[in-house]
file data.csv (CSV, C-alpha atoms and all ligand atoms)
chain,number,residue,atom,x,y,z
M,20,MET,CA,99.7,100.2,159.2
M,21,LEU,CA,96.0,101.2,158.7
M,22,PRO,CA,95.3,100.6,155.0
M,23,TRP,CA,93.5,103.9,154.6
M,24,PHE,CA,96.7,105.7,155.2
M,25,ALA,CA,98.5,103.9,152.3
M,26,LYS,CA,100.8,106.1,150.3
M,27,GLY,CA,99.0,108.9,148.5
M,28,GLN,CA,95.8,108.6,150.6
M,29,PHE,CA,94.7,111.5,152.8
M,30,PRO,CA,91.5,110.1,154.4
M,31,LEU,CA,88.6,112.4,155.4
M,32,TYR,CA,87.1,111.1,158.7
M,33,LEU,CA,83.6,111.9,159.9
M,34,ALA,CA,84.1,113.0,163.5
M,35,PRO,CA,82.1,111.0,166.1
M,36,MET,CA,79.3,113.2,167.5
M,37,ALA,CA,77.0,111.7,170.1
M,38,GLY,CA,73.4,112.1,169.1
M,39,ILE,CA,74.4,113.2,165.6
M,40,THR,CA,76.5,110.6,163.8
M,41,ASP,CA,74.1,107.8,164.1
M,42,ARG,CA,73.9,105.0,161.6
M,43,VAL,CA,71.6,107.0,159.2
M,44,PHE,CA,73.8,110.1,159.2
M,45,ARG,CA,76.9,108.1,158.7
M,46,SER,CA,75.5,106.4,155.6
M,47,ILE,CA,74.7,109.9,154.2
M,48,CYS,CA,78.2,111.1,154.8
M,49,LYS,CA,79.7,107.9,153.4
M,50,GLU,CA,77.7,108.5,150.2
M,51,PHE,CA,79.1,112.0,150.0
M,52,GLY,CA,82.7,110.8,150.3
M,53,ALA,CA,83.7,110.4,154.0
M,54,ASP,CA,86.4,107.8,154.0
M,55,VAL,CA,86.5,106.6,157.6
M,56,MET,CA,83.9,106.9,160.3
M,57,VAL,CA,83.7,106.3,164.0
M,58,THR,CA,80.5,105.5,166.0
M,59,GLU,CA,79.2,107.8,168.6
M,60,PHE,CA,81.0,107.1,171.9
M,61,VAL,CA,79.7,104.2,173.9
M,62,SER,CA,80.3,103.3,177.5
M,63,SER,CA,82.4,100.2,178.0
M,64,GLU,CA,80.2,99.4,181.0
M,65,GLY,CA,77.1,99.6,178.8
M,66,ILE,CA,78.7,97.1,176.4
M,67,ILE,CA,79.6,94.7,179.2
M,68,ARG,CA,76.0,94.9,180.6
M,69,ARG,CA,74.7,94.2,177.1
M,70,ASP,CA,72.6,97.3,177.4
M,71,ASP,CA,70.3,97.4,174.3
M,72,ARG,CA,70.5,101.2,173.9
M,73,THR,CA,74.3,101.0,173.9
M,74,ARG,CA,74.3,98.2,171.3
M,75,LYS,CA,72.1,100.4,169.1
M,76,TYR,CA,74.7,103.1,169.2
M,77,THR,CA,77.3,100.7,167.7
M,78,GLU,CA,75.2,99.6,164.7
M,79,PHE,CA,76.7,100.3,161.3
M,80,ASP,CA,76.1,99.1,157.7
M,81,GLU,CA,78.7,97.2,155.8
M,82,ALA,CA,78.9,100.0,153.3
M,83,GLN,CA,80.2,102.3,156.0
M,84,ARG,CA,83.5,100.5,156.4
M,85,PRO,CA,86.1,101.2,157.5
M,86,VAL,CA,84.3,102.0,160.7
M,87,GLY,CA,85.6,102.1,164.3
M,88,VAL,CA,83.6,101.7,167.5
M,89,GLN,CA,84.5,104.4,170.0
M,90,LEU,CA,84.7,103.4,173.6
M,91,PHE,CA,85.0,105.4,176.8
M,92,GLY,CA,85.8,104.3,180.2
M,93,ALA,CA,88.5,104.6,182.9
M,94,ASP,CA,89.4,101.0,183.6
M,95,GLY,CA,91.7,99.4,181.0
M,96,ARG,CA,90.8,95.8,181.9
M,97,ARG,CA,87.0,96.5,181.6
M,98,MET,CA,87.5,98.5,178.4
M,99,ALA,CA,89.5,95.6,176.9
M,100,GLU,CA,86.6,93.3,177.9
M,101,ALA,CA,84.1,95.6,176.2
M,102,ALA,CA,86.3,95.9,173.1
M,103,LYS,CA,86.4,92.1,172.8
M,104,LYS,CA,82.6,91.9,173.0
M,105,ILE,CA,82.2,94.6,170.4
M,106,ILE,CA,84.5,92.8,168.1
M,107,ASP,CA,82.6,89.5,168.5
M,108,TRP,CA,79.2,91.3,167.8
M,109,LYS,CA,80.1,93.7,165.1
M,110,ARG,CA,83.5,93.1,163.7
M,111,PRO,CA,84.5,96.7,163.4
M,112,ASP,CA,87.6,97.7,161.5
M,113,PHE,CA,89.1,99.3,164.5
M,114,ILE,CA,88.5,100.3,168.1
M,115,ASP,CA,88.8,103.9,169.0
M,116,LEU,CA,89.4,105.1,172.5
M,117,ASN,CA,87.9,108.3,173.7
M,118,PHE,CA,90.3,110.6,175.6
M,119,GLY,CA,88.7,113.8,174.7
M,120,CYS,CA,85.1,113.9,176.0
M,121,PRO,CA,84.7,117.1,178.1
M,122,VAL,CA,81.2,116.2,179.6
M,123,ASN,CA,81.1,116.2,183.4
M,124,LYS,CA,79.2,112.9,183.6
M,125,VAL,CA,82.2,111.2,181.8
M,126,VAL,CA,85.0,113.2,183.3
M,127,SER,CA,83.7,112.8,186.9
M,128,LYS,CA,84.2,109.0,186.5
M,129,ASN,CA,87.8,109.6,185.2
M,130,GLY,CA,86.9,108.8,181.6
M,131,GLY,CA,87.3,110.9,178.4
M,132,SER,CA,89.4,114.0,178.7
M,133,SER,CA,90.0,113.4,182.4
M,134,LEU,CA,92.7,110.9,181.4
M,135,LEU,CA,94.7,113.7,179.7
M,136,ARG,CA,95.7,114.9,183.2
M,137,ASN,CA,96.6,111.4,184.4
M,138,CYS,CA,99.0,110.1,181.8
M,139,PRO,CA,99.8,106.8,183.7
M,140,ALA,CA,96.1,106.0,183.8
M,141,LEU,CA,95.7,106.9,180.1
M,142,ALA,CA,98.7,104.6,179.2
M,143,GLU,CA,97.2,101.8,181.3
M,144,VAL,CA,93.9,102.1,179.4
M,145,ALA,CA,95.5,102.2,176.0
M,146,ALA,CA,98.0,99.4,176.7
M,147,SER,CA,95.3,97.1,178.2
M,148,VAL,CA,93.0,97.5,175.2
M,149,VAL,CA,95.9,97.0,172.7
M,150,ALA,CA,97.0,93.9,174.7
M,151,GLY,CA,93.4,92.6,174.8
M,152,VAL,CA,92.4,93.1,171.1
M,153,GLY,CA,95.3,94.6,169.2
M,154,GLU,CA,96.0,91.2,167.5
M,155,GLN,CA,92.5,91.2,166.1
M,156,VAL,CA,91.9,94.9,165.2
M,157,PRO,CA,93.9,98.1,165.4
M,158,VAL,CA,93.3,100.4,168.3
M,159,THR,CA,93.2,104.1,167.7
M,160,GLY,CA,92.8,107.1,170.1
M,161,LYS,CA,91.1,110.5,170.0
M,162,ILE,CA,92.4,113.2,172.3
M,163,ARG,CA,92.2,117.0,172.9
M,164,ILE,CA,95.4,119.0,173.0
M,165,GLY,CA,95.3,119.0,176.8
M,166,TRP,CA,93.2,119.5,179.9
M,167,ASP,CA,93.5,123.3,180.1
M,168,ASN,CA,95.8,126.1,179.2
M,169,SER,CA,98.3,125.2,181.9
M,170,MET,CA,98.3,121.5,180.8
M,171,ILE,CA,98.7,121.3,177.0
M,172,ASN,CA,100.3,118.0,176.5
M,173,ALA,CA,99.2,116.6,173.2
M,174,VAL,CA,102.8,116.0,172.0
M,175,GLU,CA,103.5,113.9,175.1
M,176,VAL,CA,100.2,112.1,175.1
M,177,THR,CA,100.5,111.2,171.4
M,178,GLY,CA,103.9,109.7,172.1
M,179,ILE,CA,102.6,107.7,175.0
M,180,LEU,CA,99.8,106.3,172.8
M,181,GLU,CA,102.3,105.4,170.1
M,182,ASP,CA,104.4,103.6,172.7
M,183,CYS,CA,101.3,101.7,173.9
M,184,GLY,CA,100.8,100.3,170.4
M,185,VAL,CA,98.0,102.6,169.3
M,186,ALA,CA,97.8,102.7,165.5
M,187,ALA,CA,96.7,106.3,164.9
M,188,VAL,CA,95.6,109.4,167.0
M,189,SER,CA,93.0,112.0,166.1
M,190,ILE,CA,93.6,115.3,167.8
M,191,HIS,CA,90.9,117.9,168.4
M,192,GLY,CA,92.8,121.2,168.7
M,193,ARG,CA,91.2,122.5,171.8
M,194,THR,CA,91.6,121.8,175.5
M,195,ARG,CA,88.9,120.3,177.7
M,196,ALA,CA,88.5,123.7,179.4
M,197,GLN,CA,87.8,125.4,176.1
M,198,GLY,CA,84.9,123.1,175.2
M,199,TYR,CA,84.1,124.3,171.7
M,200,SER,CA,85.1,127.9,172.2
M,201,GLY,CA,88.0,129.7,170.6
M,202,GLU,CA,89.9,128.4,167.6
M,203,ALA,CA,91.4,124.9,167.3
M,204,ASP,CA,95.2,125.1,167.7
M,205,TRP,CA,96.7,123.5,164.7
M,206,GLU,CA,100.3,124.3,165.7
M,207,ILE,CA,100.0,121.8,168.6
M,208,ILE,CA,98.3,119.3,166.3
M,209,ASP,CA,101.2,119.7,163.8
M,210,ALA,CA,103.9,119.4,166.5
M,211,SER,CA,102.2,116.2,167.8
M,212,ALA,CA,102.1,114.7,164.2
M,213,ARG,CA,105.8,115.5,163.8
M,214,ALA,CA,106.8,113.8,167.0
M,215,VAL,CA,105.5,110.4,166.2
M,216,SER,CA,105.6,107.9,163.3
M,217,ILE,CA,102.0,106.8,163.5
M,218,PRO,CA,99.4,108.8,161.6
M,219,VAL,CA,97.8,111.8,163.3
M,220,ILE,CA,94.4,113.0,162.1
M,221,GLY,CA,93.8,116.7,162.6
M,222,ASN,CA,90.5,117.9,163.9
M,223,GLY,CA,88.9,121.2,164.6
M,224,ASP,CA,87.2,124.0,162.5
M,225,ILE,CA,87.5,122.4,159.1
M,226,ASN,CA,84.7,124.1,157.1
M,227,SER,CA,85.7,123.8,153.5
M,228,GLY,CA,87.8,122.1,150.9
M,229,HIS,CA,90.2,124.9,151.2
M,230,ASP,CA,90.6,124.2,154.9
M,231,VAL,CA,91.4,120.6,154.1
M,232,GLU,CA,94.0,121.5,151.6
M,233,ARG,CA,95.6,124.1,153.9
M,234,ARG,CA,96.0,121.5,156.7
M,235,LYS,CA,97.2,118.9,154.3
M,236,THR,CA,99.9,121.0,152.8
M,237,GLN,CA,100.9,123.1,155.9
M,238,THR,CA,100.9,120.5,158.7
M,239,ALA,CA,102.2,116.9,159.1
M,240,VAL,CA,98.8,115.4,159.6
M,241,GLN,CA,98.0,112.4,157.5
M,242,GLY,CA,94.2,112.9,157.4
M,243,VAL,CA,91.6,115.3,158.8
M,244,MET,CA,88.4,114.8,160.7
M,245,ILE,CA,85.3,116.9,160.1
M,246,GLY,CA,82.5,117.3,162.6
M,247,ARG,CA,80.1,120.2,163.0
M,248,ALA,CA,80.5,121.4,159.4
M,249,ALA,CA,79.1,118.1,158.2
M,250,MET,CA,76.0,118.6,160.2
M,251,GLN,CA,75.0,121.6,158.1
M,252,ASN,CA,76.7,120.4,155.0
M,253,PRO,CA,77.3,116.7,154.6
M,254,TRP,CA,78.4,117.5,151.0
M,255,ILE,CA,81.6,118.8,152.5
M,256,PHE,CA,83.4,115.5,151.9
M,257,ARG,CA,82.5,115.5,148.2
M,258,ASP,CA,83.4,119.2,147.9
M,259,ALA,CA,86.7,118.8,149.7
M,260,LYS,CA,87.7,115.9,147.4
M,261,HIS,CA,86.8,118.0,144.4
M,262,TYR,CA,88.8,120.9,145.7
M,263,LEU,CA,91.9,118.8,146.4
M,264,GLN,CA,91.7,117.5,142.9
M,265,THR,CA,91.0,120.7,141.0
M,266,GLY,CA,91.6,123.7,143.3
M,267,GLN,CA,88.0,124.8,142.6
M,268,HIS,CA,85.1,125.0,145.0
M,269,PRO,CA,82.0,123.3,143.5
M,270,GLY,CA,78.8,125.3,143.9
M,271,PRO,CA,76.8,124.6,147.1
M,272,ALA,CA,74.1,121.9,146.9
M,273,SER,CA,70.9,123.3,145.3
M,274,VAL,CA,67.9,124.0,147.5
M,275,THR,CA,66.0,121.1,145.9
M,276,GLU,CA,68.9,118.8,146.6
M,277,ARG,CA,69.0,120.0,150.2
M,278,TRP,CA,65.3,119.2,150.7
M,279,GLN,CA,65.6,115.8,149.1
M,280,LEU,CA,68.4,115.0,151.5
M,281,ILE,CA,66.4,116.4,154.5
M,282,THR,CA,63.4,114.3,153.7
M,283,ARG,CA,65.4,111.2,152.9
M,284,HIS,CA,67.3,111.6,156.3
M,285,CYS,CA,64.0,111.8,158.2
M,286,LYS,CA,62.5,108.9,156.3
M,287,ASP,CA,65.5,106.7,157.0
M,288,ALA,CA,65.5,107.7,160.6
M,289,ILE,CA,61.8,106.8,161.0
M,290,ASP,CA,62.4,103.4,159.2
M,291,TRP,CA,65.3,102.7,161.6
M,292,GLY,CA,63.3,103.5,164.7
M,293,ARG,CA,66.1,104.3,167.1
M,294,TYR,CA,64.3,107.4,168.3
M,295,GLY,CA,60.9,105.7,168.7
M,296,ASN,CA,57.8,106.2,166.6
M,297,GLU,CA,57.4,108.7,163.7
M,298,CYS,CA,56.4,111.6,166.0
M,299,ARG,CA,59.3,111.0,168.4
M,300,THR,CA,61.7,110.6,165.5
M,301,MET,CA,60.6,113.9,164.0
M,302,MET,CA,61.0,115.6,167.3
M,303,ALA,CA,64.5,114.2,167.6
M,304,MET,CA,65.2,115.4,164.1
M,305,ARG,CA,64.3,119.0,164.8
M,306,SER,CA,67.8,120.1,165.8
M,307,ARG,CA,69.1,118.4,162.6
M,308,LEU,CA,66.5,120.3,160.5
M,309,MET,CA,67.8,123.5,162.1
M,310,ALA,CA,71.3,122.7,161.1
M,311,TYR,CA,70.4,121.7,157.5
M,312,THR,CA,68.4,124.9,157.0
M,313,LYS,CA,70.8,127.4,158.6
M,314,GLY,CA,71.5,130.2,156.2
M,315,LEU,CA,68.6,129.4,153.8
M,316,PRO,CA,66.6,132.5,152.7
M,317,ALA,CA,63.5,133.1,154.8
M,318,GLY,CA,65.1,130.9,157.3
M,319,LYS,CA,63.4,132.4,160.3
M,320,ARG,CA,59.9,131.5,159.1
M,321,LEU,CA,61.1,128.2,157.8
M,322,ARG,CA,62.7,127.3,161.1
M,323,ALA,CA,59.6,128.4,163.1
M,324,ALA,CA,57.7,125.8,161.1
M,325,LEU,CA,60.3,123.1,161.4
M,326,CYS,CA,60.6,123.3,165.1
M,327,ARG,CA,57.0,122.2,165.4
M,328,VAL,CA,57.1,119.4,162.9
M,329,GLU,CA,55.7,116.0,164.1
M,330,SER,CA,55.4,113.9,160.9
M,331,LEU,CA,57.1,113.2,157.6
M,332,SER,CA,54.0,114.4,155.7
M,333,GLU,CA,54.2,117.7,157.5
M,334,LEU,CA,57.8,118.0,156.6
M,335,GLU,CA,57.0,117.3,153.0
M,336,ASP,CA,54.4,120.0,153.0
M,337,ILE,CA,56.8,122.5,154.4
M,338,ALA,CA,59.4,121.5,151.8
M,339,GLY,CA,56.8,121.8,149.0
M,340,ASP,CA,55.7,125.3,150.2
M,341,TYR,CA,59.3,126.3,150.5
M,342,LEU,CA,60.2,125.1,147.0
M,343,ASN,CA,57.2,126.8,145.5
M,344,TYR,CA,58.1,130.1,147.2
M,345,ARG,CA,61.6,129.8,146.0
M,346,THR,CA,60.5,129.4,142.4
M,347,SER,CA,57.8,132.0,142.5
M,348,ALA,CA,58.5,135.2,140.5
M,349,THR,CA,57.9,137.4,143.6
M,350,ALA,CA,60.2,135.4,145.9
M,351,ASN,CA,61.1,137.6,148.8
M,352,ASP,CA,61.6,136.5,152.4
M,353,ASP,CA,58.2,137.8,153.6
M,354,ALA,CA,56.4,135.8,150.9
M,355,PHE,CA,57.2,132.5,152.4
M,356,ALA,CA,54.3,131.3,154.6
M,357,VAL,CA,53.6,127.8,155.8
M,358,ALA,CA,50.0,126.6,155.5
M,401,LIG,C1,77.2,117.3,169.5
M,401,LIG,C2,78.6,116.8,169.6
M,401,LIG,C3,78.9,115.5,170.0
M,401,LIG,C4,80.2,115.0,170.1
M,401,LIG,N1,80.4,113.7,170.5
M,401,LIG,C5,81.6,113.1,170.4
M,401,LIG,C6,81.8,111.8,170.7
M,401,LIG,O1,80.9,111.0,171.0
M,401,LIG,N2,83.1,111.3,170.7
M,401,LIG,C7,84.2,112.1,170.4
M,401,LIG,O2,85.3,111.7,170.4
M,401,LIG,N3,84.0,113.4,170.1
M,401,LIG,C8,82.7,114.0,170.1
M,401,LIG,N4,82.5,115.3,169.7
M,401,LIG,C9,83.7,116.1,169.3
M,401,LIG,C10,83.9,116.0,167.7
M,401,LIG,O3,84.2,114.7,167.4
M,401,LIG,C11,85.0,116.9,167.3
M,401,LIG,O4,86.2,116.6,167.9
M,401,LIG,C12,84.7,118.4,167.5
M,401,LIG,O5,83.3,118.7,167.1
M,401,LIG,C13,85.6,119.3,166.8
M,401,LIG,O6,85.5,119.1,165.4
M,401,LIG,P1,84.7,120.2,164.4
M,401,LIG,O7,85.3,121.5,164.6
M,401,LIG,O8,85.0,119.7,163.0
M,401,LIG,O9,83.3,120.1,164.8
M,401,LIG,C14,81.3,115.8,169.7
M,401,LIG,C15,81.0,117.1,169.2
M,401,LIG,C16,79.7,117.6,169.1
M,401,LIG,C17,79.5,119.0,168.6

call {"tool": "encode", "arguments": {"input": "data.csv", "output": "structure tokens", "more": "lines below"}}
Ligand SMILES: Cc1cc2nc3c(=O)[nH]c(=O)nc-3n(C[C@H](O)[C@H](O)[C@H](O)COP(=O)(O)O)c2cc1C
result
Amino acid sequence: MLPWFAKGQFPLYLAPMAGITDRVFRSICKEFGADVMVTEFVSSEGIIRRDDRTRKYTEFDEAQRPVGVQLFGADGRRMAEAAKKIIDWKRPDFIDLNFGCPVNKVVSKNGGSSLLRNCPALAEVAASVVAGVGEQVPVTGKIRIGWDNSMINAVEVTGILEDCGVAAVSIHGRTRAQGYSGEADWEIIDASARAVSIPVIGNGDINSGHDVERRKTQTAVQGVMIGRAAMQNPWIFRDAKHYLQTGQHPGPASVTERWQLITRHCKDAIDWGRYGNECRTMMAMRSRLMAYTKGLPAGKRLRAALCRVESLSELEDIAGDYLNYRTSATANDDAFAVA
């Protein structure tokens, strides 16, 4: 039994998102109340080759625990070998197996969601990793509800994973064919959760505390996983916990609080250095800045400035200009101009 599912707990997971949920962003979400986190997916072959970039993806801070390292691959024996290496290097709290990635590069090598249409191969991967490392750390899995509309098999796959000794399964309520379009199907997630005795974590389109509460009370999931909503609003974990306790939505983070977080995120990313020097890091951060500022007044001008930003001091100037404009008596969207 994973301790974070102990009686009375309903853990909020931060969904793994490649290129997004890096070490810095995970720390932020942890501070805002995310209970469990998973690294971005890493290739088991990259781990075995001791590839430096792959190792960087698996970095985490002690404060982020419980944290799982997510592996993808198609060969159970190689994945078990990679899992052992990761456990030696990093001592994660669990190993998570990716059976949901829709990306062609992964699917064409029979990894990720491709295994959903080959249940014997999926069972071989899961059973091999559990046999290889299950004594040391629990193994969990993340799936989609199926390959496409004609092959929705989450109930079956969840049962197979349970039989293989997997300790919990996260289910994104879309098929591989859907990508990220349409709505997540929580009926299938619920049916899968009811069919097994291991915890199922529901995932897809959770955008508020109310969504968390609805899924908690109306389905059999034992936790939820939040992805894209956290990119714009990492406060969602704190807000959801508040909502679960009080039934009230706290107000959104203030604009000042938002800018403090944006600058802190950039500064921490520069200090970490995963994306290169300051200029490269700020370029890598631009899409994150777009997510953080979505919906802010005068957003168009603001975003036009942010998509050219190359240094932390430039970002701080933009933040200063924006906050001045917001507090000026004549604040209207046309009045915001970046020097
Ligand atoms: C940019 C991006 C990268 C993702 N990378 C991963 C990944 O590395 N591993 C994984 O299991 N899922 C990955 N996902 C899927 C998410 O974990 C999650 O299942 C999906 O976004 C649905 O949840 P949401 O509606 O809360 O965003 C990714 C999603 C996005 C948008």

call {"tool": "closest_atom_pairs", "arguments": {"input": "data.csv", "of": "chain M", "to": "ligand LIG 401 (chain M)", "cutoff": "9 Å", "atoms": "only C-alpha atoms and all ligand atoms", "output": "tab-separated table"}}
result
residue	atom	partner	partner_atom	distance
M:Leu33	CA	M:LIG401	O3	8.0
M:Ala34	CA	M:LIG401	O3	4.3
M:Pro35	CA	M:LIG401	O3	4.4
M:Met36	CA	M:LIG401	N1	3.2
M:Ala37	CA	M:LIG401	N1	4.0
M:Gly38	CA	M:LIG401	C1	6.5
M:Ile39	CA	M:LIG401	C1	6.3
M:Thr40	CA	M:LIG401	C3	8.3
M:Val57	CA	M:LIG401	N2	8.4
M:Thr58	CA	M:LIG401	O1	7.4
M:Glu59	CA	M:LIG401	O1	4.3
M:Phe60	CA	M:LIG401	O1	4.0
M:Val61	CA	M:LIG401	O1	7.5
M:Gln89	CA	M:LIG401	N2	7.1
M:Leu90	CA	M:LIG401	N2	8.6
M:Phe91	CA	M:LIG401	N2	8.7
M:Asp115	CA	M:LIG401	O2	8.7
M:Leu116	CA	M:LIG401	O2	8.0
M:Asn117	CA	M:LIG401	O2	5.4
M:Phe118	CA	M:LIG401	O2	7.3
M:Gly119	CA	M:LIG401	O2	5.9
M:Cys120	CA	M:LIG401	C7	6.0
M:Pro121	CA	M:LIG401	C8	8.8
M:Gly131	CA	M:LIG401	O2	8.3
M:Gly160	CA	M:LIG401	O2	8.8
M:Lys161	CA	M:LIG401	O2	5.9
M:Ile162	CA	M:LIG401	O2	7.5
M:Arg163	CA	M:LIG401	O4	7.8
M:Ser189	CA	M:LIG401	O4	8.4
M:Ile190	CA	M:LIG401	O4	7.5
M:His191	CA	M:LIG401	O4	4.9
M:Gly192	CA	M:LIG401	C13	7.7
M:Arg193	CA	M:LIG401	C13	8.2
M:Tyr199	CA	M:LIG401	C13	7.2
M:Glu202	CA	M:LIG401	O7	8.8
M:Ala203	CA	M:LIG401	O7	7.5
M:Asn222	CA	M:LIG401	O6	5.4
M:Gly223	CA	M:LIG401	O7	3.6
M:Asp224	CA	M:LIG401	O7	3.8
M:Ile225	CA	M:LIG401	O8	5.4
M:Asn226	CA	M:LIG401	O8	7.4
M:Val243	CA	M:LIG401	O8	9.0
M:Met244	CA	M:LIG401	O8	6.4
M:Ile245	CA	M:LIG401	O8	4.0
M:Gly246	CA	M:LIG401	O8	3.5
M:Arg247	CA	M:LIG401	O9	3.7
M:Ala248	CA	M:LIG401	O8	6.0
M:Ala249	CA	M:LIG401	O8	7.8
M:Met250	CA	M:LIG401	O9	8.8

call {"tool": "residues_around", "arguments": {"input": "data.csv", "residues": "stretch 166-170 of chain M", "least_positions_apart": "2", "cutoff": "7 Å", "atoms": "all atoms listed in the file", "output": "ChimeraX atom specification"}}
result
/M:132,135-136,172,194-196

call {"tool": "closest_residue", "arguments": {"input": "data.csv", "among": "M:Gly295, M:Leu321, M:Trp23, M:Ser330", "to": "M:Arg72", "atoms": "all atoms listed in the file"}}
result
M:Gly295

call {"tool": "closest_residue", "arguments": {"input": "data.csv", "among": "M:Arg110, M:Gly130, M:His284, M:Ile67", "to": "M:Arg45", "atoms": "all atoms listed in the file"}}
result
M:His284

call {"tool": "residues_near_point", "arguments": {"input": "data.csv", "point": "(66.3, 127.0, 159.4)", "cutoff": "12 Å", "atoms": "only C-alpha atoms", "output": "list of chain:residue names"}}
result
M:Gln251, M:Arg277, M:Trp278, M:Ile281, M:Arg305, M:Ser306, M:Arg307, M:Leu308, M:Met309, M:Ala310, M:Tyr311, M:Thr312, M:Lys313, M:Gly314, M:Leu315, M:Pro316, M:Ala317, M:Gly318, M:Lys319, M:Arg320, M:Leu321, M:Arg322, M:Ala323, M:Ala324, M:Leu325, M:Cys326, M:Ile337, M:Ala338, M:Tyr341

call {"tool": "closest_residue", "arguments": {"input": "data.csv", "among": "M:Gly228, M:Gly201, M:Gly292, M:Gly242", "to": "M:Gln264", "atoms": "all atoms listed in the file"}}
result
M:Gly228

call {"tool": "closest_residue", "arguments": {"input": "data.csv", "among": "M:Lys75, M:Pro269, M:Gly27, M:Asp340", "to": "M:Tyr294", "atoms": "only C-alpha atoms"}}
result
M:Lys75

call {"tool": "residues_around", "arguments": {"input": "data.csv", "residues": "M:Ala288", "least_positions_apart": "5", "cutoff": "10 Å", "atoms": "all atoms listed in the file", "output": "PyMOL selection string"}}
result
chain M and resi 41-44+282-283+293-297+300-301+303-304

call {"tool": "closest_residue", "arguments": {"input": "data.csv", "among": "M:Ala93, M:Ile220, M:Val55, M:Val149", "to": "M:Arg234", "atoms": "only C-alpha atoms"}}
result
M:Ile220

call {"tool": "atom_distance", "arguments": {"input": "data.csv", "atom1": "atom CA of M:Val219", "atom2": "atom CA of M:Gln241"}}
result
5.8 Å

call {"tool": "closest_residue", "arguments": {"input": "data.csv", "among": "M:Arg299, M:Arg96, M:Gln155, M:Arg84", "to": "M:Ala140", "atoms": "only C-alpha atoms"}}
result
M:Arg96

call {"tool": "residues_around", "arguments": {"input": "data.csv", "residues": "M:Ser227", "least_positions_apart": "6", "cutoff": "10 Å", "atoms": "all atoms listed in the file", "output": "list in words"}}
result
Arg233, Ile245, Ala248, Ala249, Asn252, Trp254, Ile255, Phe256, Asp258, Ala259, Tyr262 and His268 of chain M

call {"tool": "residues_around", "arguments": {"input": "data.csv", "residues": "M:Gly151", "least_positions_apart": "2", "cutoff": "12 Å", "atoms": "only C-alpha atoms", "output": "PyMOL selection string"}}
result
chain M and resi 95-104+106+114+143-149+153-158+184

call {"tool": "atom_distance", "arguments": {"input": "data.csv", "atom1": "atom CA of M:Asp80", "atom2": "atom CA of M:Asp107"}}
result
15.8 Å
